[in-house]
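Structure file upload_24.pdb (PDB, C-alpha atoms and all ligand atoms) follows.
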```pdb
ATOM      1  CA  MET A   7      20.284 127.133 110.064
ATOM      2  CA  ALA A   8      19.216 124.545 107.463
ATOM      3  CA  THR A   9      21.315 126.220 104.730
ATOM      4  CA  GLN A  10      24.293 126.462 107.052
ATOM      5  CA  MET A  11      23.989 122.782 107.776
ATOM      6  CA  VAL A  12      23.861 121.907 104.058
ATOM      7  CA  ASP A  13      27.124 123.833 103.659
ATOM      8  CA  ILE A  14      28.626 122.008 106.611
ATOM      9  CA  GLU A  15      27.700 118.664 105.091
ATOM     10  CA  ALA A  16      29.276 119.686 101.765
ATOM     11  CA  GLN A  17      32.475 120.729 103.526
ATOM     12  CA  SER A  18      32.409 117.659 105.646
ATOM     13  CA  SER A  19      32.345 115.267 102.703
ATOM     14  CA  ALA A  20      35.094 117.266 100.990
ATOM     15  CA  GLN A  21      37.632 116.790 103.763
ATOM     16  CA  THR A  22      40.409 114.328 103.088
ATOM     17  CA  SER A  23      42.920 114.573 105.959
ATOM     18  CA  SER A  24      43.138 111.533 108.250
ATOM     19  CA  PRO A  25      40.853 111.988 111.258
ATOM     20  CA  PRO A  26      41.988 111.875 114.911
ATOM     21  CA  SER A  27      40.856 108.760 116.818
ATOM     22  CA  ILE A  28      38.639 108.963 119.886
ATOM     23  CA  PHE A  29      40.174 105.660 121.003
ATOM     24  CA  ASN A  30      43.682 107.156 121.261
ATOM     25  CA  LYS A  31      45.343 107.357 124.663
ATOM     26  CA  VAL A  32      44.217 110.346 126.712
ATOM     27  CA  ASP A  33      46.751 113.004 127.665
ATOM     28  CA  HIS A  34      45.416 113.542 131.186
ATOM     29  CA  PRO A  35      44.457 110.262 132.855
ATOM     30  CA  VAL A  36      42.307 110.714 135.966
ATOM     31  CA  THR A  37      42.094 108.615 139.123
ATOM     32  CA  LEU A  38      38.712 109.094 140.759
ATOM     33  CA  LYS A  39      38.537 108.441 144.473
ATOM     34  CA  PHE A  40      35.467 108.814 146.692
ATOM     35  CA  GLN A  41      35.390 108.243 150.410
ATOM     36  CA  GLU A  42      32.455 108.099 152.802
ATOM     37  CA  VAL A  43      30.196 110.060 150.462
ATOM     38  CA  VAL A  44      27.002 111.080 152.244
ATOM     39  CA  TYR A  45      24.203 113.049 150.583
ATOM     40  CA  THR A  46      21.382 114.450 152.619
ATOM     41  CA  ILE A  47      18.249 116.289 151.535
ATOM     42  CA  LYS A  48      15.696 118.210 153.543
ATOM     43  CA  ASN A  49      12.282 116.561 153.706
ATOM     44  CA  LYS A  50      10.139 119.393 152.371
ATOM     45  CA  LYS A  51       6.364 119.310 152.122
ATOM     46  CA  GLN A  52       5.631 118.864 148.451
ATOM     47  CA  GLY A  53       2.427 118.562 146.453
ATOM     48  CA  TRP A  54      -1.024 120.024 147.053
ATOM     49  CA  ILE A  55      -2.491 117.319 149.276
ATOM     50  CA  LYS A  56      -2.743 118.668 152.815
ATOM     51  CA  ARG A  57      -0.921 116.343 155.133
ATOM     52  CA  LYS A  58      -1.580 115.744 158.777
ATOM     53  CA  LYS A  59       1.149 116.765 161.187
ATOM     54  CA  ASN A  60       3.463 113.856 161.346
ATOM     55  CA  HIS A  61       6.757 112.921 162.832
ATOM     56  CA  GLU A  62       8.692 112.407 159.616
ATOM     57  CA  PRO A  63      12.421 113.155 160.046
ATOM     58  CA  THR A  64      13.396 116.563 158.682
ATOM     59  CA  GLU A  65      16.243 115.091 156.641
ATOM     60  CA  LYS A  66      16.604 112.115 154.340
ATOM     61  CA  HIS A  67      19.930 110.410 153.669
ATOM     62  CA  ILE A  68      20.154 109.442 150.014
ATOM     63  CA  LEU A  69      23.779 108.250 150.102
ATOM     64  CA  LYS A  70      25.098 106.771 153.334
ATOM     65  CA  GLY A  71      28.886 106.639 153.213
ATOM     66  CA  ILE A  72      29.941 105.315 149.804
ATOM     67  CA  THR A  73      33.611 104.590 149.174
ATOM     68  CA  GLY A  74      35.484 103.481 146.074
ATOM     69  CA  MET A  75      38.163 104.228 143.516
ATOM     70  CA  VAL A  76      38.326 104.029 139.719
ATOM     71  CA  LEU A  77      41.649 104.097 137.891
ATOM     72  CA  PRO A  78      42.371 105.252 134.352
ATOM     73  CA  GLY A  79      41.482 102.409 131.990
ATOM     74  CA  GLU A  80      38.748 101.068 134.260
ATOM     75  CA  MET A  81      34.982 100.906 133.854
ATOM     76  CA  LEU A  82      32.886 101.041 137.022
ATOM     77  CA  ALA A  83      29.257  99.914 136.902
ATOM     78  CA  MET A  84      26.906 101.075 139.631
ATOM     79  CA  LEU A  85      24.068  98.632 140.141
ATOM     80  CA  GLY A  86      21.070  98.528 142.426
ATOM     81  CA  PRO A  87      17.296  98.714 142.562
ATOM     82  CA  SER A  88      15.395 101.770 141.375
ATOM     83  CA  GLY A  89      15.709 104.642 143.865
ATOM     84  CA  CYS A  90      18.825 103.261 145.609
ATOM     85  CA  GLY A  91      20.889 106.365 144.750
ATOM     86  CA  LYS A  92      22.812 105.431 141.572
ATOM     87  CA  THR A  93      22.050 108.630 139.637
ATOM     88  CA  THR A  94      22.606 110.757 142.744
ATOM     89  CA  LEU A  95      26.067 109.247 143.214
ATOM     90  CA  LEU A  96      26.905 109.560 139.514
ATOM     91  CA  THR A  97      25.868 113.227 139.584
ATOM     92  CA  ALA A  98      27.953 113.797 142.726
ATOM     93  CA  LEU A  99      31.019 112.148 141.178
ATOM     94  CA  GLY A 100      30.495 114.204 138.014
ATOM     95  CA  GLY A 101      30.720 117.417 140.075
ATOM     96  CA  ARG A 102      27.116 118.322 139.288
ATOM     97  CA  LEU A 103      25.350 117.823 142.584
ATOM     98  CA  GLY A 104      24.457 120.816 144.741
ATOM     99  CA  GLY A 105      23.260 120.583 148.346
ATOM    100  CA  LYS A 106      24.592 118.821 151.386
ATOM    101  CA  LEU A 107      27.320 116.501 150.208
ATOM    102  CA  ASP A 108      29.765 115.154 152.796
ATOM    103  CA  GLY A 109      32.811 112.936 152.455
ATOM    104  CA  THR A 110      35.586 113.461 149.927
ATOM    105  CA  ILE A 111      35.670 113.097 146.156
ATOM    106  CA  THR A 112      39.031 113.678 144.497
ATOM    107  CA  TYR A 113      40.342 113.661 140.939
ATOM    108  CA  ASN A 114      44.066 112.863 140.900
ATOM    109  CA  GLY A 115      44.032 113.809 144.563
ATOM    110  CA  LYS A 116      42.409 117.213 144.025
ATOM    111  CA  PRO A 117      38.833 118.443 144.404
ATOM    112  CA  PHE A 118      36.619 119.079 141.356
ATOM    113  CA  SER A 119      37.675 122.221 139.483
ATOM    114  CA  SER A 120      36.957 124.088 136.275
ATOM    115  CA  ILE A 121      39.978 122.344 134.714
ATOM    116  CA  MET A 122      38.574 118.944 135.685
ATOM    117  CA  LYS A 123      35.205 119.991 134.249
ATOM    118  CA  ARG A 124      36.931 120.363 130.874
ATOM    119  CA  TYR A 125      38.197 116.779 131.086
ATOM    120  CA  THR A 126      34.787 115.415 132.076
ATOM    121  CA  GLY A 127      32.004 114.135 129.837
ATOM    122  CA  PHE A 128      28.508 113.365 131.126
ATOM    123  CA  VAL A 129      25.897 111.420 129.162
ATOM    124  CA  THR A 130      22.498 111.813 130.815
ATOM    125  CA  GLN A 131      19.709 109.240 130.781
ATOM    126  CA  ASP A 132      17.343 111.370 128.694
ATOM    127  CA  ASP A 133      19.594 112.493 125.895
ATOM    128  CA  ILE A 134      18.745 116.014 124.856
ATOM    129  CA  LEU A 135      19.074 116.109 121.084
ATOM    130  CA  TYR A 136      17.409 118.184 118.366
ATOM    131  CA  PRO A 137      14.914 115.860 116.643
ATOM    132  CA  HIS A 138      15.089 117.631 113.261
ATOM    133  CA  LEU A 139      18.871 117.541 112.844
ATOM    134  CA  THR A 140      20.659 114.643 111.183
ATOM    135  CA  VAL A 141      23.411 112.750 112.990
ATOM    136  CA  THR A 142      26.106 114.702 111.099
ATOM    137  CA  GLU A 143      24.397 118.028 111.717
ATOM    138  CA  THR A 144      24.087 117.247 115.428
ATOM    139  CA  LEU A 145      27.745 116.365 115.910
ATOM    140  CA  VAL A 146      29.067 119.148 113.677
ATOM    141  CA  PHE A 147      26.881 121.639 115.536
ATOM    142  CA  ILE A 148      28.279 120.476 118.887
ATOM    143  CA  ALA A 149      31.845 120.452 117.499
ATOM    144  CA  LEU A 150      31.454 124.076 116.375
ATOM    145  CA  LEU A 151      30.142 125.016 119.809
ATOM    146  CA  ARG A 152      32.436 123.046 122.079
ATOM    147  CA  LEU A 153      35.798 122.616 120.404
ATOM    148  CA  PRO A 154      38.481 125.216 121.171
ATOM    149  CA  LYS A 155      38.516 128.469 119.216
ATOM    150  CA  LYS A 156      42.052 127.785 117.970
ATOM    151  CA  LEU A 157      40.688 125.051 115.652
ATOM    152  CA  THR A 158      39.409 126.086 112.243
ATOM    153  CA  THR A 159      35.846 125.273 111.168
ATOM    154  CA  GLN A 160      37.235 122.624 108.834
ATOM    155  CA  GLU A 161      39.197 120.989 111.667
ATOM    156  CA  LYS A 162      36.088 120.913 113.847
ATOM    157  CA  ILE A 163      34.121 119.284 111.051
ATOM    158  CA  THR A 164      36.903 116.724 110.566
ATOM    159  CA  HIS A 165      36.684 115.949 114.246
ATOM    160  CA  ALA A 166      32.909 115.413 114.104
ATOM    161  CA  GLU A 167      33.331 113.183 111.029
ATOM    162  CA  ALA A 168      35.922 111.115 112.881
ATOM    163  CA  VAL A 169      33.571 110.584 115.799
ATOM    164  CA  ILE A 170      30.799 109.501 113.408
ATOM    165  CA  ASP A 171      33.154 107.044 111.786
ATOM    166  CA  GLN A 172      34.631 105.651 115.001
ATOM    167  CA  LEU A 173      31.260 105.238 116.703
ATOM    168  CA  ARG A 174      30.064 103.362 113.603
ATOM    169  CA  LEU A 175      27.369 105.910 112.801
ATOM    170  CA  THR A 176      28.302 106.247 109.125
ATOM    171  CA  ARG A 177      25.268 104.287 107.915
ATOM    172  CA  CYS A 178      22.838 106.671 109.592
ATOM    173  CA  LYS A 179      24.814 109.908 109.372
ATOM    174  CA  ASN A 180      22.250 111.590 107.110
ATOM    175  CA  ILE A 181      19.196 110.408 109.052
ATOM    176  CA  ILE A 182      17.433 112.780 111.430
ATOM    177  CA  ILE A 183      17.524 112.106 115.161
ATOM    178  CA  GLY A 184      13.724 112.007 115.399
ATOM    179  CA  GLY A 185      11.468 112.025 118.419
ATOM    180  CA  PRO A 186       8.223 110.612 119.829
ATOM    181  CA  ASN A 187       6.186 111.561 116.724
ATOM    182  CA  LEU A 188       8.980 111.707 114.191
ATOM    183  CA  ARG A 189      10.732 108.606 112.913
ATOM    184  CA  GLY A 190      14.485 108.927 113.169
ATOM    185  CA  VAL A 191      17.546 106.904 114.133
ATOM    186  CA  SER A 192      17.242 103.800 116.316
ATOM    187  CA  GLY A 193      17.606 103.858 120.111
ATOM    188  CA  GLY A 194      21.135 102.426 119.941
ATOM    189  CA  GLU A 195      22.211 104.954 117.297
ATOM    190  CA  ARG A 196      20.682 107.755 119.337
ATOM    191  CA  LYS A 197      22.684 106.667 122.376
ATOM    192  CA  ARG A 198      25.841 106.578 120.260
ATOM    193  CA  VAL A 199      25.165 110.157 119.130
ATOM    194  CA  SER A 200      24.875 111.202 122.795
ATOM    195  CA  ILE A 201      28.165 109.470 123.573
ATOM    196  CA  GLY A 202      29.663 111.070 120.449
ATOM    197  CA  GLN A 203      28.708 114.537 121.668
ATOM    198  CA  GLU A 204      30.856 113.960 124.739
ATOM    199  CA  MET A 205      33.671 112.214 122.838
ATOM    200  CA  LEU A 206      34.160 115.340 120.724
ATOM    201  CA  ILE A 207      35.920 116.963 123.680
ATOM    202  CA  ASN A 208      37.898 113.744 124.287
ATOM    203  CA  PRO A 209      37.182 113.509 128.031
ATOM    204  CA  SER A 210      39.486 111.691 130.448
ATOM    205  CA  LEU A 211      36.572 110.983 132.739
ATOM    206  CA  LEU A 212      33.267 109.838 131.303
ATOM    207  CA  PHE A 213      30.012 109.445 133.247
ATOM    208  CA  LEU A 214      26.987 107.741 131.730
ATOM    209  CA  ASP A 215      23.542 107.368 133.257
ATOM    210  CA  GLU A 216      21.941 104.140 132.036
ATOM    211  CA  PRO A 217      23.647 104.060 128.623
ATOM    212  CA  THR A 218      22.031 100.742 127.710
ATOM    213  CA  SER A 219      18.504 101.128 129.062
ATOM    214  CA  GLY A 220      15.777 100.354 126.555
ATOM    215  CA  LEU A 221      18.196  98.641 124.158
ATOM    216  CA  ASP A 222      18.237  94.986 123.135
ATOM    217  CA  SER A 223      21.105  92.953 124.536
ATOM    218  CA  THR A 224      23.143  92.922 121.294
ATOM    219  CA  THR A 225      22.941  96.701 120.916
ATOM    220  CA  ALA A 226      23.688  97.131 124.629
ATOM    221  CA  GLN A 227      26.724  94.877 124.162
ATOM    222  CA  ARG A 228      27.947  97.014 121.245
ATOM    223  CA  ILE A 229      27.657 100.202 123.284
ATOM    224  CA  ALA A 230      29.487  98.549 126.191
ATOM    225  CA  LEU A 231      32.219  97.381 123.822
ATOM    226  CA  THR A 232      32.680 100.939 122.561
ATOM    227  CA  LEU A 233      32.944 102.151 126.161
ATOM    228  CA  TRP A 234      35.396  99.360 126.939
ATOM    229  CA  GLU A 235      37.576 100.507 124.015
ATOM    230  CA  LEU A 236      37.383 104.083 125.272
ATOM    231  CA  ALA A 237      38.505 102.882 128.711
ATOM    232  CA  ARG A 238      41.402 101.023 127.107
ATOM    233  CA  GLY A 239      42.633 104.415 125.898
ATOM    234  CA  GLY A 240      43.205 105.405 129.539
ATOM    235  CA  ARG A 241      39.795 106.925 130.236
ATOM    236  CA  THR A 242      38.062 106.499 133.568
ATOM    237  CA  ILE A 243      34.478 105.435 132.937
ATOM    238  CA  VAL A 244      31.641 105.362 135.457
ATOM    239  CA  MET A 245      28.092 104.347 134.607
ATOM    240  CA  THR A 246      24.821 103.410 136.197
ATOM    241  CA  ILE A 247      23.150 100.347 134.770
ATOM    242  CA  HIS A 248      19.974  98.475 135.588
ATOM    243  CA  GLN A 249      20.201  94.854 134.615
ATOM    244  CA  PRO A 250      23.170  94.050 132.417
ATOM    245  CA  SER A 251      23.281  90.661 130.707
ATOM    246  CA  SER A 252      26.009  88.310 132.017
ATOM    247  CA  ARG A 253      28.355  88.914 129.076
ATOM    248  CA  LEU A 254      28.014  92.646 129.634
ATOM    249  CA  PHE A 255      28.457  92.275 133.390
ATOM    250  CA  TYR A 256      31.876  90.638 133.005
ATOM    251  CA  MET A 257      33.121  93.539 130.874
ATOM    252  CA  PHE A 258      33.114  95.829 133.917
ATOM    253  CA  HIS A 259      36.401  96.112 135.751
ATOM    254  CA  LYS A 260      34.650  97.195 138.951
ATOM    255  CA  VAL A 261      31.152  96.956 140.360
ATOM    256  CA  LEU A 262      29.419  98.975 143.065
ATOM    257  CA  LEU A 263      26.214  97.469 144.425
ATOM    258  CA  LEU A 264      23.909  99.920 146.181
ATOM    259  CA  SER A 265      20.847  99.339 148.310
ATOM    260  CA  GLU A 266      18.898 102.222 149.855
ATOM    261  CA  GLY A 267      21.964 104.447 149.728
ATOM    262  CA  ASN A 268      24.284 101.842 151.286
ATOM    263  CA  SER A 269      27.160 100.133 149.560
ATOM    264  CA  LEU A 270      26.777  96.338 149.681
ATOM    265  CA  PHE A 271      29.813  95.599 147.524
ATOM    266  CA  PHE A 272      32.600  97.513 145.846
ATOM    267  CA  GLY A 273      35.298  95.640 143.984
ATOM    268  CA  LYS A 274      36.143  93.627 140.907
ATOM    269  CA  GLY A 275      33.142  92.376 138.930
ATOM    270  CA  SER A 276      34.870  89.017 138.583
ATOM    271  CA  GLU A 277      35.007  88.632 142.394
ATOM    272  CA  VAL A 278      31.516  89.692 143.435
ATOM    273  CA  MET A 279      29.905  86.231 143.279
ATOM    274  CA  ASP A 280      32.749  84.661 145.276
ATOM    275  CA  TYR A 281      32.443  87.409 147.857
ATOM    276  CA  PHE A 282      28.723  86.847 148.459
ATOM    277  CA  ASN A 283      29.259  83.103 148.412
ATOM    278  CA  SER A 284      31.897  83.492 151.129
ATOM    279  CA  ILE A 285      29.409  85.271 153.404
ATOM    280  CA  GLY A 286      26.660  82.720 152.835
ATOM    281  CA  PHE A 287      24.783  84.049 149.815
ATOM    282  CA  SER A 288      24.703  82.084 146.621
ATOM    283  CA  PRO A 289      22.044  81.632 143.962
ATOM    284  CA  SER A 290      20.044  78.429 144.215
ATOM    285  CA  VAL A 291      19.991  78.100 140.409
ATOM    286  CA  ALA A 292      22.465  79.266 137.763
ATOM    287  CA  MET A 293      21.565  82.873 137.042
ATOM    288  CA  ASN A 294      22.796  86.141 135.613
ATOM    289  CA  PRO A 295      25.007  87.770 138.312
ATOM    290  CA  SER A 296      23.222  91.103 138.020
ATOM    291  CA  ASP A 297      19.811  89.444 138.630
ATOM    292  CA  PHE A 298      21.241  87.791 141.713
ATOM    293  CA  LEU A 299      22.789  91.045 142.981
ATOM    294  CA  LEU A 300      19.535  92.931 142.446
ATOM    295  CA  ASP A 301      17.641  90.260 144.384
ATOM    296  CA  LEU A 302      20.145  90.663 147.199
ATOM    297  CA  ALA A 303      19.895  94.454 147.173
ATOM    298  CA  ASN A 304      16.086  94.241 147.146
ATOM    299  CA  GLY A 305      16.125  91.825 150.049
ATOM    300  CA  THR A 306      14.070  89.375 147.963
ATOM    301  CA  SER A 307      17.048  87.223 147.395
ATOM    302  CA  SER A 308      17.117  83.760 146.017
ATOM    303  CA  ALA A 309      20.221  83.355 148.131
ATOM    304  CA  LYS A 310      20.523  80.585 150.645
ATOM    305  CA  GLY A 311      21.470  81.940 154.020
ATOM    306  CA  LYS A 312      20.978  84.821 156.297
ATOM    307  CA  GLU A 313      19.299  88.186 155.923
ATOM    308  CA  LEU A 314      21.615  90.877 154.658
ATOM    309  CA  ALA A 315      22.877  92.949 157.545
ATOM    310  CA  ARG A 316      22.315  96.612 156.857
TER     311      ARG A 316
HETATM  312  N1  LIG A 401      16.464 116.496 145.212
HETATM  313  C1  LIG A 401      15.764 115.464 145.672
HETATM  314  N2  LIG A 401      14.663 115.642 146.431
HETATM  315  C2  LIG A 401      13.968 114.617 146.927
HETATM  316  N3  LIG A 401      14.305 113.315 146.724
HETATM  317  C3  LIG A 401      15.374 113.080 145.982
HETATM  318  C4  LIG A 401      16.160 114.123 145.425
HETATM  319  N4  LIG A 401      17.166 113.565 144.729
HETATM  320  C5  LIG A 401      17.016 112.239 144.863
HETATM  321  N5  LIG A 401      15.948 111.949 145.598
HETATM  322  C6  LIG A 401      15.495 110.610 146.006
HETATM  323  O1  LIG A 401      16.663 109.874 146.244
HETATM  324  C7  LIG A 401      16.486 108.522 145.887
HETATM  325  C8  LIG A 401      17.584 108.079 144.932
HETATM  326  O2  LIG A 401      17.366 108.667 143.651
HETATM  327  P1  LIG A 401      18.250 108.268 142.384
HETATM  328  O3  LIG A 401      17.704 108.978 141.195
HETATM  329  O4  LIG A 401      19.662 108.506 142.705
HETATM  330  O5  LIG A 401      17.967 106.704 142.286
HETATM  331  P2  LIG A 401      18.417 105.660 141.162
HETATM  332  O6  LIG A 401      19.043 104.519 141.875
HETATM  333  O7  LIG A 401      19.226 106.328 140.122
HETATM  334  O8  LIG A 401      17.011 105.241 140.573
HETATM  335  P3  LIG A 401      16.597 104.771 139.073
HETATM  336  O9  LIG A 401      17.323 103.493 138.829
HETATM  337  O10 LIG A 401      15.134 104.586 139.175
HETATM  338  O11 LIG A 401      17.004 105.872 138.122
HETATM  339  C9  LIG A 401      15.089 108.416 145.312
HETATM  340  O12 LIG A 401      14.235 107.938 146.313
HETATM  341  C10 LIG A 401      14.756 109.840 144.937
HETATM  342  O13 LIG A 401      13.374 110.055 144.978
END
```
When written as structure tokens, how does the structure in this file appear?
Amino acid sequence: MATQMVDIEAQSSAQTSSPPSIFNKVDHPVTLKFQEVVYTIKNKKQGWIKRKKNHEPTEKHILKGITGMVLPGEMLAMLGPSGCGKTTLLTALGGRLGGKLDGTITYNGKPFSSIMKRYTGFVTQDDILYPHLTVTETLVFIALLRLPKKLTTQEKITHAEAVIDQLRLTRCKNIIIGGPNLRGVSGGERKRVSIGQEMLINPSLLFLDEPTSGLDSTTAQRIALTLWELARGGRTIVMTIHQPSSRLFYMFHKVLLLSEGNSLFFGKGSEVMDYFNSIGFSPSVAMNPSDFLLDLANGTSSAKGKELAR
């Protein structure tokens, strides 16, 4: 494997043709629509501690009727406290959730299909990368695996090189990914590699679970800017995010605020503060909108006014 990778690197630096851009317009824009999405799980006995007979309900509703729509070119951020259902909804929208899912989720008016799967990229929270491979090796390896058979090896390598270049990973392209006990690329670079893996297939629909968690605000801003540019190319982007800084918050075209599986707000990020103000909730001091929204969703709000009706 190591020798093969050395060869790949040699070929990769030899290529001269101009690379395709991941920021180009997509050929198949996708409108994602979800209506009254409900996800229910069975309350099974888990763990080894013997529990007394109790009257716990046999089912638990994780998502309780979530509705929204994301158009090509838009970025939707799903916000809410830990455990409110963000990842569950993201997984459902990405066509990856088994079990009892009610409501409708459509992609250009149609249900999820194998064709839609090909146009979909999914960046998970815990990126699964090989710690001993360099950035170039990682992306070339994925390009060889995932790009269509009709492309030659050299074309696939060119593609991987383009992604490295366009995600500004050139400086670290020969550094290993690393892991808990192995020094490698930085957290922000690692996240870019994960995004790059998905960008190789040029998805029309991109899902990301906490793409900025654990990163400083400047690095988080850079990642968000990259995603914003990808959206500008006609992609539909949906992500979960914990506590974005204000400048990051205003980059989102749409925001969905969740609390215990309920939707408290769905709409334009620029309108969310006015909306809560109009129903009697406003921060008592100037604060980051996402902090304020999380306080509201947690019910520990610094808002003046009534209790949130749930
Ligand atoms: N298969 C499952 N079995 C049992 N509980 C589940 C299952 N899937 C999700 N849950 C529960 O559903 C709730 C929502 O989980 P989810 O991961 O979607 O939350 P989240 O908002 O993404 O949280 P975080 O921000 O901490 O990642 C949690 O209470 C979780 O424990």
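Closest approach to ligand LIG 401 (chain A) among A:Gln160, A:Ser223, A:Ser284, A:Gln249: A:Gln249, based on only C-alpha atoms and all ligand atoms.
Of the listed residues (A:Phe40, A:Tyr45, A:Phe287, A:Trp234), A:Trp234 comes nearest to Phe258 of chain A; the distances count all atoms listed in the file.
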Legend entry - Best match for closeness to Gly240 of chain A among A:Asp171, A:Pro78, A:Glu65, A:Gly305, counting all atoms listed in the file: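 Ranked by minimum distance to Gly240 of chain A, first place goes to A:Pro78.
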Inset, instruction - Could you tell me which residues the PyMOL selection byres (((chain A and resi 227) around 10) and not hetatm) grabs in this file, written as a PyMOL selection string? - result: chain A and resi 218+221-226+228-233+250-251+253-255+257
Inset, instruction - Give the answer as one residue: which of A:Thr64, A:Ser290, A:Thr73, A:Asn30 has the shortest atom-to-atom distance to ligand LIG 401 (chain A), using only C-alpha atoms and all ligand atoms? - result: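 That would be A:Thr64, the residue with the smallest distance to ligand LIG 401 (chain A).
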Legend entry - Top pick for closest residue to ligand LIG 401 (chain A), considering A:Ile121, A:Ala292, A:Cys90, A:Leu211 and counting all atoms listed in the file: A:Cys90
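When atom CA of Asn268 of chain A is paired with atom C2 of ligand LIG 401 (chain A), their separation reads 17.0 Å.
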